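Shown below: model_23.tsv, with TSV, C-alpha atoms.
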```tsv
chain	number	residue	atom	x	y	z
A	450	MET	CA	8.88	-18.47	29.99
A	451	GLN	CA	7.56	-16.50	27.04
A	452	GLU	CA	9.82	-13.67	25.90
A	453	THR	CA	8.35	-10.19	26.19
A	454	ILE	CA	8.28	-7.57	23.44
A	455	ALA	CA	10.85	-5.47	25.28
A	456	GLU	CA	13.23	-8.44	25.58
A	457	SER	CA	12.88	-9.53	21.97
A	458	ALA	CA	13.41	-6.00	20.65
A	459	GLY	CA	17.13	-6.33	21.21
A	460	ARG	CA	17.29	-9.40	18.97
A	461	ALA	CA	15.00	-8.07	16.29
A	462	GLN	CA	15.69	-4.99	14.22
A	463	ASP	CA	15.92	-2.18	16.74
A	464	MET	CA	13.06	0.28	16.30
A	465	ARG	CA	12.91	1.56	19.88
A	466	GLU	CA	13.30	5.17	18.76
A	467	ARG	CA	10.60	4.93	16.05
A	468	VAL	CA	6.98	6.07	16.35
A	469	VAL	CA	4.56	4.57	13.84
A	470	ILE	CA	0.87	5.04	13.03
A	471	VAL	CA	-0.94	1.97	11.68
A	472	THR	CA	-4.50	2.39	10.40
A	473	GLY	CA	-6.95	-0.48	10.07
A	474	ALA	CA	-4.95	-2.14	12.85
A	475	GLY	CA	-7.72	-3.70	14.93
A	476	LYS	CA	-7.59	-7.05	13.15
A	477	GLY	CA	-6.15	-8.96	10.21
A	478	LEU	CA	-3.13	-7.49	8.48
A	479	GLY	CA	-3.13	-4.22	10.39
A	480	ARG	CA	-3.10	-6.03	13.72
A	481	ALA	CA	-0.19	-8.19	12.53
A	482	TYR	CA	1.72	-5.07	11.45
A	483	ALA	CA	1.14	-3.32	14.79
A	484	LEU	CA	2.21	-6.37	16.82
A	485	ASP	CA	5.36	-6.91	14.76
A	486	LEU	CA	6.37	-3.26	14.97
A	487	ALA	CA	5.85	-3.25	18.73
A	488	GLU	CA	7.87	-6.47	19.04
A	489	ARG	CA	10.75	-4.66	17.37
A	490	GLY	CA	10.50	-1.84	19.90
A	491	ALA	CA	8.46	0.78	18.02
A	492	SER	CA	5.84	2.91	19.73
A	493	VAL	CA	2.59	2.34	17.84
A	494	VAL	CA	-0.61	4.33	17.38
A	495	VAL	CA	-3.13	1.55	16.71
A	496	ASN	CA	-6.02	2.94	14.68
A	497	ASN	CA	-9.30	1.23	13.87
A	498	ARG	CA	-12.74	2.74	13.75
A	499	TRP	CA	-15.21	1.55	16.39
A	500	SER	CA	-17.87	0.15	14.06
A	501	ASP	CA	-19.60	-2.31	16.44
A	502	ARG	CA	-20.57	-0.38	19.56
A	503	GLY	CA	-21.85	-3.61	21.10
A	504	GLN	CA	-18.27	-4.81	21.51
A	505	ALA	CA	-15.09	-3.33	22.92
A	506	PRO	CA	-13.02	-1.45	20.31
A	507	SER	CA	-10.68	-3.77	18.44
A	508	ALA	CA	-7.93	-1.13	18.48
A	509	GLU	CA	-7.95	-1.15	22.28
A	510	ALA	CA	-7.71	-4.95	22.32
A	511	VAL	CA	-4.55	-4.79	20.18
A	512	VAL	CA	-3.10	-2.11	22.45
A	513	ASP	CA	-3.80	-4.34	25.45
A	514	GLU	CA	-1.87	-7.18	23.73
A	515	ILE	CA	1.10	-4.92	23.08
A	516	ARG	CA	1.19	-3.45	26.58
A	517	ALA	CA	0.79	-6.86	28.21
A	518	ALA	CA	4.01	-7.90	26.48
A	519	GLY	CA	5.85	-4.78	27.58
A	520	GLY	CA	5.40	-2.70	24.43
A	521	ARG	CA	4.26	0.89	23.94
A	522	ALA	CA	1.01	1.65	22.14
A	523	VAL	CA	-2.07	3.83	22.21
A	524	ALA	CA	-5.45	3.31	20.57
A	525	SER	CA	-7.20	5.59	18.09
A	526	LEU	CA	-10.84	5.13	17.07
A	527	GLU	CA	-10.84	7.64	14.21
A	528	SER	CA	-12.54	6.66	10.92
A	529	ALA	CA	-10.07	6.77	8.05
A	530	GLU	CA	-12.54	8.43	5.68
A	531	ASP	CA	-13.02	11.39	8.04
A	532	PRO	CA	-11.07	14.30	6.49
A	533	GLY	CA	-9.84	15.27	9.95
A	534	ALA	CA	-8.66	11.79	10.90
A	535	GLY	CA	-5.13	12.25	9.58
A	536	GLU	CA	-4.50	15.40	11.58
A	537	ALA	CA	-5.99	13.81	14.70
A	538	LEU	CA	-3.76	10.74	14.36
A	539	VAL	CA	-0.60	12.80	13.88
A	540	ALA	CA	-1.48	15.03	16.84
A	541	GLN	CA	-2.08	11.95	19.00
A	542	ALA	CA	1.25	10.38	18.03
A	543	VAL	CA	3.18	13.55	18.84
A	544	ALA	CA	1.29	14.13	22.10
A	545	GLU	CA	1.81	10.55	23.31
A	546	PHE	CA	5.33	9.82	22.05
A	547	GLY	CA	6.86	13.18	21.14
A	548	ARG	CA	7.47	12.51	17.44
A	549	LEU	CA	6.33	10.63	14.34
A	550	ASP	CA	8.61	8.60	12.07
A	551	ALA	CA	6.36	6.45	9.91
A	552	VAL	CA	2.81	5.68	8.86
A	553	VAL	CA	1.28	2.48	7.59
A	554	SER	CA	-1.94	3.29	5.74
A	555	ASN	CA	-3.75	-0.04	5.87
A	556	ALA	CA	-7.41	0.92	6.38
A	557	GLY	CA	-9.63	-0.02	3.46
A	558	VAL	CA	-12.85	-1.67	2.39
A	559	PRO	CA	-13.55	-4.17	-0.41
A	560	GLU	CA	-16.44	-4.14	-2.82
A	561	THR	CA	-17.52	-6.49	-5.57
A	562	ILE	CA	-20.14	-4.94	-7.82
A	563	ARG	CA	-20.22	-4.47	-11.58
A	564	LEU	CA	-20.30	-0.95	-12.96
A	565	HIS	CA	-23.85	-1.08	-14.29
A	566	ARG	CA	-25.05	-1.73	-10.72
A	567	GLN	CA	-22.66	0.73	-9.06
A	568	THR	CA	-23.93	4.12	-7.90
A	569	ARG	CA	-21.85	7.25	-8.00
A	570	ASP	CA	-22.16	7.61	-4.25
A	571	GLY	CA	-21.02	4.02	-3.78
A	572	PHE	CA	-18.03	4.55	-6.05
A	573	ARG	CA	-17.14	7.74	-4.22
A	574	ARG	CA	-17.37	6.01	-0.84
A	575	ILE	CA	-14.77	3.45	-1.91
A	576	PHE	CA	-12.42	6.29	-2.85
A	577	ASP	CA	-13.16	8.21	0.35
A	578	ILE	CA	-11.95	5.27	2.44
A	579	ASN	CA	-9.31	3.57	0.30
A	580	PHE	CA	-7.69	6.55	-1.39
A	581	PHE	CA	-8.58	9.76	0.41
A	582	GLY	CA	-8.23	8.11	3.82
A	583	ALA	CA	-4.60	7.40	2.92
A	584	LEU	CA	-4.09	10.85	1.40
A	585	HIS	CA	-5.46	12.68	4.45
A	586	LEU	CA	-3.10	10.77	6.74
A	587	ILE	CA	-0.03	11.17	4.53
A	588	GLN	CA	-0.64	14.87	3.96
A	589	ALA	CA	-1.09	15.49	7.69
A	590	ALA	CA	2.02	13.44	8.53
A	591	TRP	CA	4.26	14.90	5.83
A	592	PRO	CA	5.80	17.72	7.93
A	593	ALA	CA	6.57	15.38	10.83
A	594	LEU	CA	7.97	12.70	8.53
A	595	SER	CA	10.12	15.29	6.77
A	596	ALA	CA	11.46	16.42	10.15
A	597	SER	CA	12.18	12.85	11.23
A	598	GLY	CA	15.24	12.49	9.04
A	599	ALA	CA	14.12	8.98	8.09
A	600	GLY	CA	10.41	9.33	7.45
A	601	ARG	CA	8.75	6.25	6.02
A	602	ILE	CA	5.31	5.54	4.51
A	603	VAL	CA	3.73	2.23	3.56
A	604	VAL	CA	0.47	2.24	1.62
A	605	SER	CA	-1.68	-0.86	1.27
A	606	THR	CA	-2.69	-1.40	-2.35
A	607	SER	CA	-3.92	-4.62	-3.97
A	608	SER	CA	-3.33	-6.96	-6.87
A	609	ALA	CA	-6.71	-5.66	-8.05
A	610	GLY	CA	-5.08	-2.25	-8.46
A	611	LEU	CA	-2.40	-3.85	-10.59
A	612	HIS	CA	-4.52	-6.23	-12.65
A	613	GLY	CA	-8.22	-5.46	-12.15
A	614	GLY	CA	-10.92	-8.05	-11.60
A	615	ASP	CA	-14.51	-8.85	-12.43
A	616	GLY	CA	-16.85	-6.61	-10.42
A	617	MET	CA	-13.94	-4.77	-8.83
A	618	THR	CA	-13.89	-1.54	-10.84
A	619	GLY	CA	-14.35	0.81	-7.90
A	620	TYR	CA	-12.01	-1.09	-5.60
A	621	ALA	CA	-9.36	-1.61	-8.28
A	622	SER	CA	-9.49	2.06	-9.28
A	623	SER	CA	-8.98	3.24	-5.71
A	624	LYS	CA	-6.06	0.88	-5.20
A	625	ALA	CA	-4.46	1.81	-8.53
A	626	ALA	CA	-4.74	5.48	-7.56
A	627	LEU	CA	-2.66	4.71	-4.47
A	628	ILE	CA	0.14	3.35	-6.65
A	629	GLY	CA	0.15	6.64	-8.56
A	630	LEU	CA	0.25	8.52	-5.25
A	631	VAL	CA	3.26	6.47	-4.14
A	632	ARG	CA	5.12	7.09	-7.40
A	633	GLY	CA	4.52	10.83	-7.23
A	634	LEU	CA	5.41	11.22	-3.57
A	635	ALA	CA	8.54	9.11	-3.94
A	636	VAL	CA	9.96	11.87	-6.14
A	637	GLU	CA	8.96	14.63	-3.71
A	638	GLY	CA	10.03	12.64	-0.67
A	639	ALA	CA	13.55	12.08	-1.98
A	640	LEU	CA	14.29	15.73	-1.22
A	641	ARG	CA	13.29	15.21	2.43
A	642	ALA	CA	14.66	11.70	3.15
A	643	VAL	CA	11.08	10.40	3.15
A	644	ARG	CA	10.66	7.00	1.49
A	645	ILE	CA	7.27	5.69	0.47
A	646	ASN	CA	6.30	2.28	-0.89
A	647	ALA	CA	3.17	0.29	-1.62
A	648	ILE	CA	2.47	-3.25	-0.54
A	649	ALA	CA	-0.06	-5.57	-2.19
A	650	PRO	CA	-0.57	-8.22	0.51
A	651	TYR	CA	-1.99	-11.71	0.19
A	652	ALA	CA	-3.37	-12.93	3.52
A	653	PHE	CA	-6.24	-14.84	5.07
A	654	THR	CA	-8.45	-12.19	6.67
A	655	ALA	CA	-12.14	-11.47	7.11
A	656	MET	CA	-11.94	-9.51	3.85
A	657	THR	CA	-10.40	-12.31	1.80
A	658	GLU	CA	-11.91	-15.39	3.48
A	659	PRO	CA	-14.94	-15.60	1.11
A	660	HIS	CA	-12.61	-15.65	-1.91
A	661	LEU	CA	-9.92	-18.15	-0.82
A	662	PRO	CA	-10.18	-21.92	-1.21
A	663	PRO	CA	-10.33	-24.23	1.84
A	664	GLY	CA	-7.00	-24.99	3.47
A	665	MET	CA	-5.45	-21.67	2.48
A	666	ALA	CA	-5.56	-20.07	5.94
A	667	GLU	CA	-2.41	-21.67	7.30
A	668	ARG	CA	-0.45	-20.66	4.19
A	669	MET	CA	-1.69	-17.07	4.25
A	670	ASP	CA	-1.08	-15.94	7.83
A	671	PRO	CA	-1.07	-12.10	8.01
A	672	ALA	CA	1.97	-12.37	10.30
A	673	ALA	CA	3.99	-13.57	7.29
A	674	VAL	CA	3.63	-10.14	5.66
A	675	ALA	CA	4.40	-8.10	8.78
A	676	PRO	CA	8.24	-8.34	8.74
A	677	LEU	CA	8.33	-6.76	5.28
A	678	VAL	CA	6.18	-3.86	6.46
A	679	SER	CA	8.38	-3.38	9.52
A	680	TRP	CA	11.46	-3.22	7.30
A	681	LEU	CA	9.79	-0.72	4.97
A	682	VAL	CA	9.12	1.66	7.88
A	683	SER	CA	12.56	1.21	9.41
A	684	GLU	CA	15.60	3.38	8.85
A	685	ALA	CA	17.15	0.40	7.04
A	686	CYS	CA	14.69	0.76	4.15
A	687	ASP	CA	16.62	2.06	1.16
A	688	VAL	CA	13.97	1.80	-1.59
A	689	THR	CA	11.19	4.18	-2.54
A	690	GLY	CA	8.36	4.39	-5.06
A	691	GLN	CA	8.07	0.60	-5.28
A	692	THR	CA	5.11	-1.77	-5.22
A	693	LEU	CA	5.81	-5.08	-3.50
A	694	VAL	CA	3.49	-8.09	-3.59
A	695	SER	CA	3.80	-10.30	-0.50
A	696	GLY	CA	2.17	-13.27	1.19
A	697	GLY	CA	3.02	-16.63	2.70
A	698	GLY	CA	6.59	-15.60	3.43
A	699	ARG	CA	7.33	-14.57	-0.16
A	700	LEU	CA	7.51	-11.29	-2.07
A	701	ARG	CA	7.93	-10.03	-5.59
A	702	ALA	CA	8.15	-6.60	-7.16
A	703	ALA	CA	5.54	-5.16	-9.51
A	704	PHE	CA	6.50	-2.57	-12.10
A	705	ALA	CA	4.95	-0.21	-14.60
A	706	VAL	CA	6.85	-0.88	-17.81
A	707	GLU	CA	6.92	0.37	-21.39
A	708	GLY	CA	8.00	-1.56	-24.47
A	709	ARG	CA	9.79	-0.64	-27.67
A	710	PRO	CA	8.33	2.22	-29.78
A	711	VAL	CA	6.40	1.18	-32.89
A	712	ALA	CA	5.89	3.25	-36.04
A	713	LEU	CA	2.32	4.53	-36.28
A	714	GLU	CA	1.22	4.45	-39.92
A	715	GLU	CA	-2.08	5.29	-41.54
A	716	GLY	CA	-3.81	2.09	-42.58
A	717	ALA	CA	-1.82	-0.03	-40.13
A	718	ILE	CA	-3.04	1.26	-36.76
A	719	GLY	CA	-4.32	-2.10	-35.51
A	720	PRO	CA	-1.16	-3.99	-36.46
A	721	ALA	CA	0.94	-1.29	-34.79
A	722	VAL	CA	-1.02	-1.71	-31.57
A	723	HIS	CA	-0.55	-5.50	-31.60
A	724	THR	CA	3.15	-5.13	-32.37
A	725	ALA	CA	3.54	-2.70	-29.48
A	726	LEU	CA	1.81	-5.10	-27.11
A	727	ARG	CA	4.34	-7.82	-27.93
A	728	ALA	CA	7.43	-5.61	-28.18
A	729	GLU	CA	10.46	-6.44	-26.06
A	730	PRO	CA	12.43	-5.49	-24.06
A	731	ARG	CA	10.23	-3.63	-21.60
A	732	GLU	CA	11.70	-0.94	-19.38
A	733	ALA	CA	10.79	0.65	-16.05
A	734	TYR	CA	11.47	4.35	-15.42
A	735	GLY	CA	12.13	6.44	-12.34
A	736	ASP	CA	9.51	9.05	-13.21
A	737	ALA	CA	7.38	10.45	-16.03
A	738	HIS	CA	10.19	12.69	-17.30
A	739	GLN	CA	12.48	9.69	-17.82
A	740	ALA	CA	9.71	7.82	-19.62
A	741	PHE	CA	9.10	10.77	-21.94
A	742	ALA	CA	12.82	11.18	-22.68
A	743	ALA	CA	13.15	7.49	-23.50
A	744	PHE	CA	10.12	7.62	-25.79
A	745	MET	CA	11.50	10.60	-27.71
A	746	ASP	CA	15.18	9.57	-27.78
A	747	GLY	CA	15.25	8.81	-31.49
A	748	ARG	CA	15.79	5.08	-31.25
A	749	PRO	CA	14.60	3.07	-34.30
A	750	THR	CA	10.95	2.15	-34.20
A	751	LEU	CA	9.56	-1.28	-34.91
A	752	ALA	CA	7.47	-1.65	-38.05
A	753	PRO	CA	3.85	-2.76	-37.63
A	754	ASP	CA	3.31	-6.47	-38.04
A	755	ARG	CA	1.74	-6.58	-41.51
A	756	GLN	CA	0.70	-10.17	-40.99
A	757	ALA	CA	-1.86	-8.94	-38.49
A	758	MET	CA	-3.54	-6.99	-41.33
A	759	ASP	CA	-4.00	-10.13	-43.36
A	760	ALA	CA	-5.17	-12.34	-40.49
```
How does this structure look as structure tokens?
Amino acid sequence: MQETIAESAGRAQDMRERVVIVTGAGKGLGRAYALDLAERGASVVVNNRWSDRGQAPSAEAVVDEIRAAGGRAVASLESAEDPGAGEALVAQAVAEFGRLDAVVSNAGVPETIRLHRQTRDGFRRIFDINFFGALHLIQAAWPALSASGAGRIVVSTSSAGLHGGDGMTGYASSKAALIGLVRGLAVEGALRAVRINAIAPYAFTAMTEPHLPPGMAERMDPAAVAPLVSWLVSEACDVTGQTLVSGGGRLRAAFAVEGRPVALEEGAIGPAVHTALRAEPREAYGDAHQAFAAFMDGRPTLAPDRQAMDA
């Protein structure tokens, strides 16, 4: 006989006292996150906009799956880009379950278009959904997460936000902005026991299917990323301000780093730049103040590589 969500919650990490909002949860990665959280005992607000009115809402289908297995969930059909969506989601979570402990901001849209073909309105739309949709939710949830005592936030970024990509300027910019949001809020959240992290997932979904080679689906199951997200929204999570890349049952950490300082001399600007790009070791910092202090700490600077001038 198949084990129910309620039965398996005792074996999995116990999240029976946690209430979590997951956006973009009607399919793909978001659905996997919602199902995994519910399996661990969390009460889940499953959010996905109702884009195809000819079919039943996907968020409600996920809620039906959770409830059929004995879990607790409620559907939300709010559109992430709606400025009022965040407040509506928080109000729904509190009304249904009495509290809010974590949010997983997963809603987003892709776009592949080079800048010379991109319109300002199109660029802005990407930010409205991918960045401001996350911001509206986090800002609305902040008081409740601060009151939780163990508030947690997971933001879905992308390897495009870390590394860019051809035709992905708008998408990459919006995802990179989320990493900056995470870094900034990690500092503020530390005062309130709120921890926030970004995840750059690799998974076979409707969004990624056109870009993945044949045979990749079985290796890139969205369910393989879900346990990491569940841990990041649990009380056990003890990291903040981090960006984690995950897929296929693996993860690695991504960092913003700075190398050794290089002397900037008139007539050797280019060589100084190339020396700086190769300089080791490279260091990561907790915040901008630490980075500034390290830059100005008086350590010896590297001389520009004069060979680059003669090349």
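Atom pair CA of Arg709 in chain A / CA of Ala725 in chain A: separated by 6.8 Å.
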Within 7 Å of range 640-654 of chain A using only C-alpha atoms, minus same-chain residues under 2 positions, as a ChimeraX atom specification: /A:477,594-595,598-608,628,631,635,637-638,656-658,666,669-671,674,688-696
Distance query 7 Å from (-5.9, 7.1, 11.5) using all atoms listed in the file, result as number ranges by chain: A: 472, 496, 525, 527-529, 534-535, 538, 586
Fewer than 5 positions away in the same chain doesn't count, so skip those; otherwise give me all residues within 12 Å of Pro749 in chain A, counting all atoms listed in the file, as a PDB file with C-alpha atoms, in the frame of the given file.
```
ATOM      1  CA  ARG A 709       9.790  -0.640 -27.670  1.00  0.00           C
ATOM      2  CA  PRO A 710       8.330   2.220 -29.780  1.00  0.00           C
ATOM      3  CA  VAL A 711       6.400   1.180 -32.890  1.00  0.00           C
ATOM      4  CA  ALA A 712       5.890   3.250 -36.040  1.00  0.00           C
ATOM      5  CA  ALA A 743      13.150   7.490 -23.500  1.00  0.00           C
ATOM      6  CA  PHE A 744      10.120   7.620 -25.790  1.00  0.00           C
TER       7      PHE A 744
END
```
Near-Asn579 in chain A list (7 Å; only C-alpha atoms; drop same-chain fewer than 6 positions) as a count of residues only: 5
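Counting all atoms listed in the file and comparing A:Gly475, A:Gly716, A:Gly697, A:Pro592, the residue that lies closest to Ala508 in chain A is A:Gly475.
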Computed interatomic separation between CA of His585 in chain A and CA of Glu466 in chain A (Å): 24.8 Å
Kindly compute an axis-aligned box around the listed atoms of range 730-733 of chain A, allowing 5 Å on each side, and express its centre and edge lengths in Å to one decimal as lines of an AutoDock Vina configuration file.
```
center_x = 11.3
center_y = -2.4
center_z = -20.1
size_x = 12.2
size_y = 16.1
size_z = 18.0
```
Å distance separating CA of Leu713 in chain A from CA of Ala742 in chain A, one decimal place: 18.4 Å
All residues 9 Å or closer to Trp499 in chain A, all atoms listed in the file, same chain fewer than 2 positions away omitted, as number ranges by chain: A: 497, 501-502, 504-508, 526-528
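Minimum atom-to-atom distances from A:Ala522, A:Val471, A:Ala590, A:Ala517 to Gly490 in chain A were compared using only C-alpha atoms, and the lowest value belongs to A:Ala522.
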Could you list, with a cut-off of 10 Å and counting only C-alpha atoms, the residues of range 599-671 of chain A near range 733-736 of chain A, each shown with its nearest atom pair and the distance in Å rounded to one decimal, rows sorted by chain and ascending number, as a tab-separated table?
```
residue	atom	partner	partner_atom	distance
A:Arg632	CA	A:Asp736	CA	7.5
A:Gly633	CA	A:Asp736	CA	8.0
A:Ala635	CA	A:Asp736	CA	9.3
A:Val636	CA	A:Asp736	CA	7.6
```
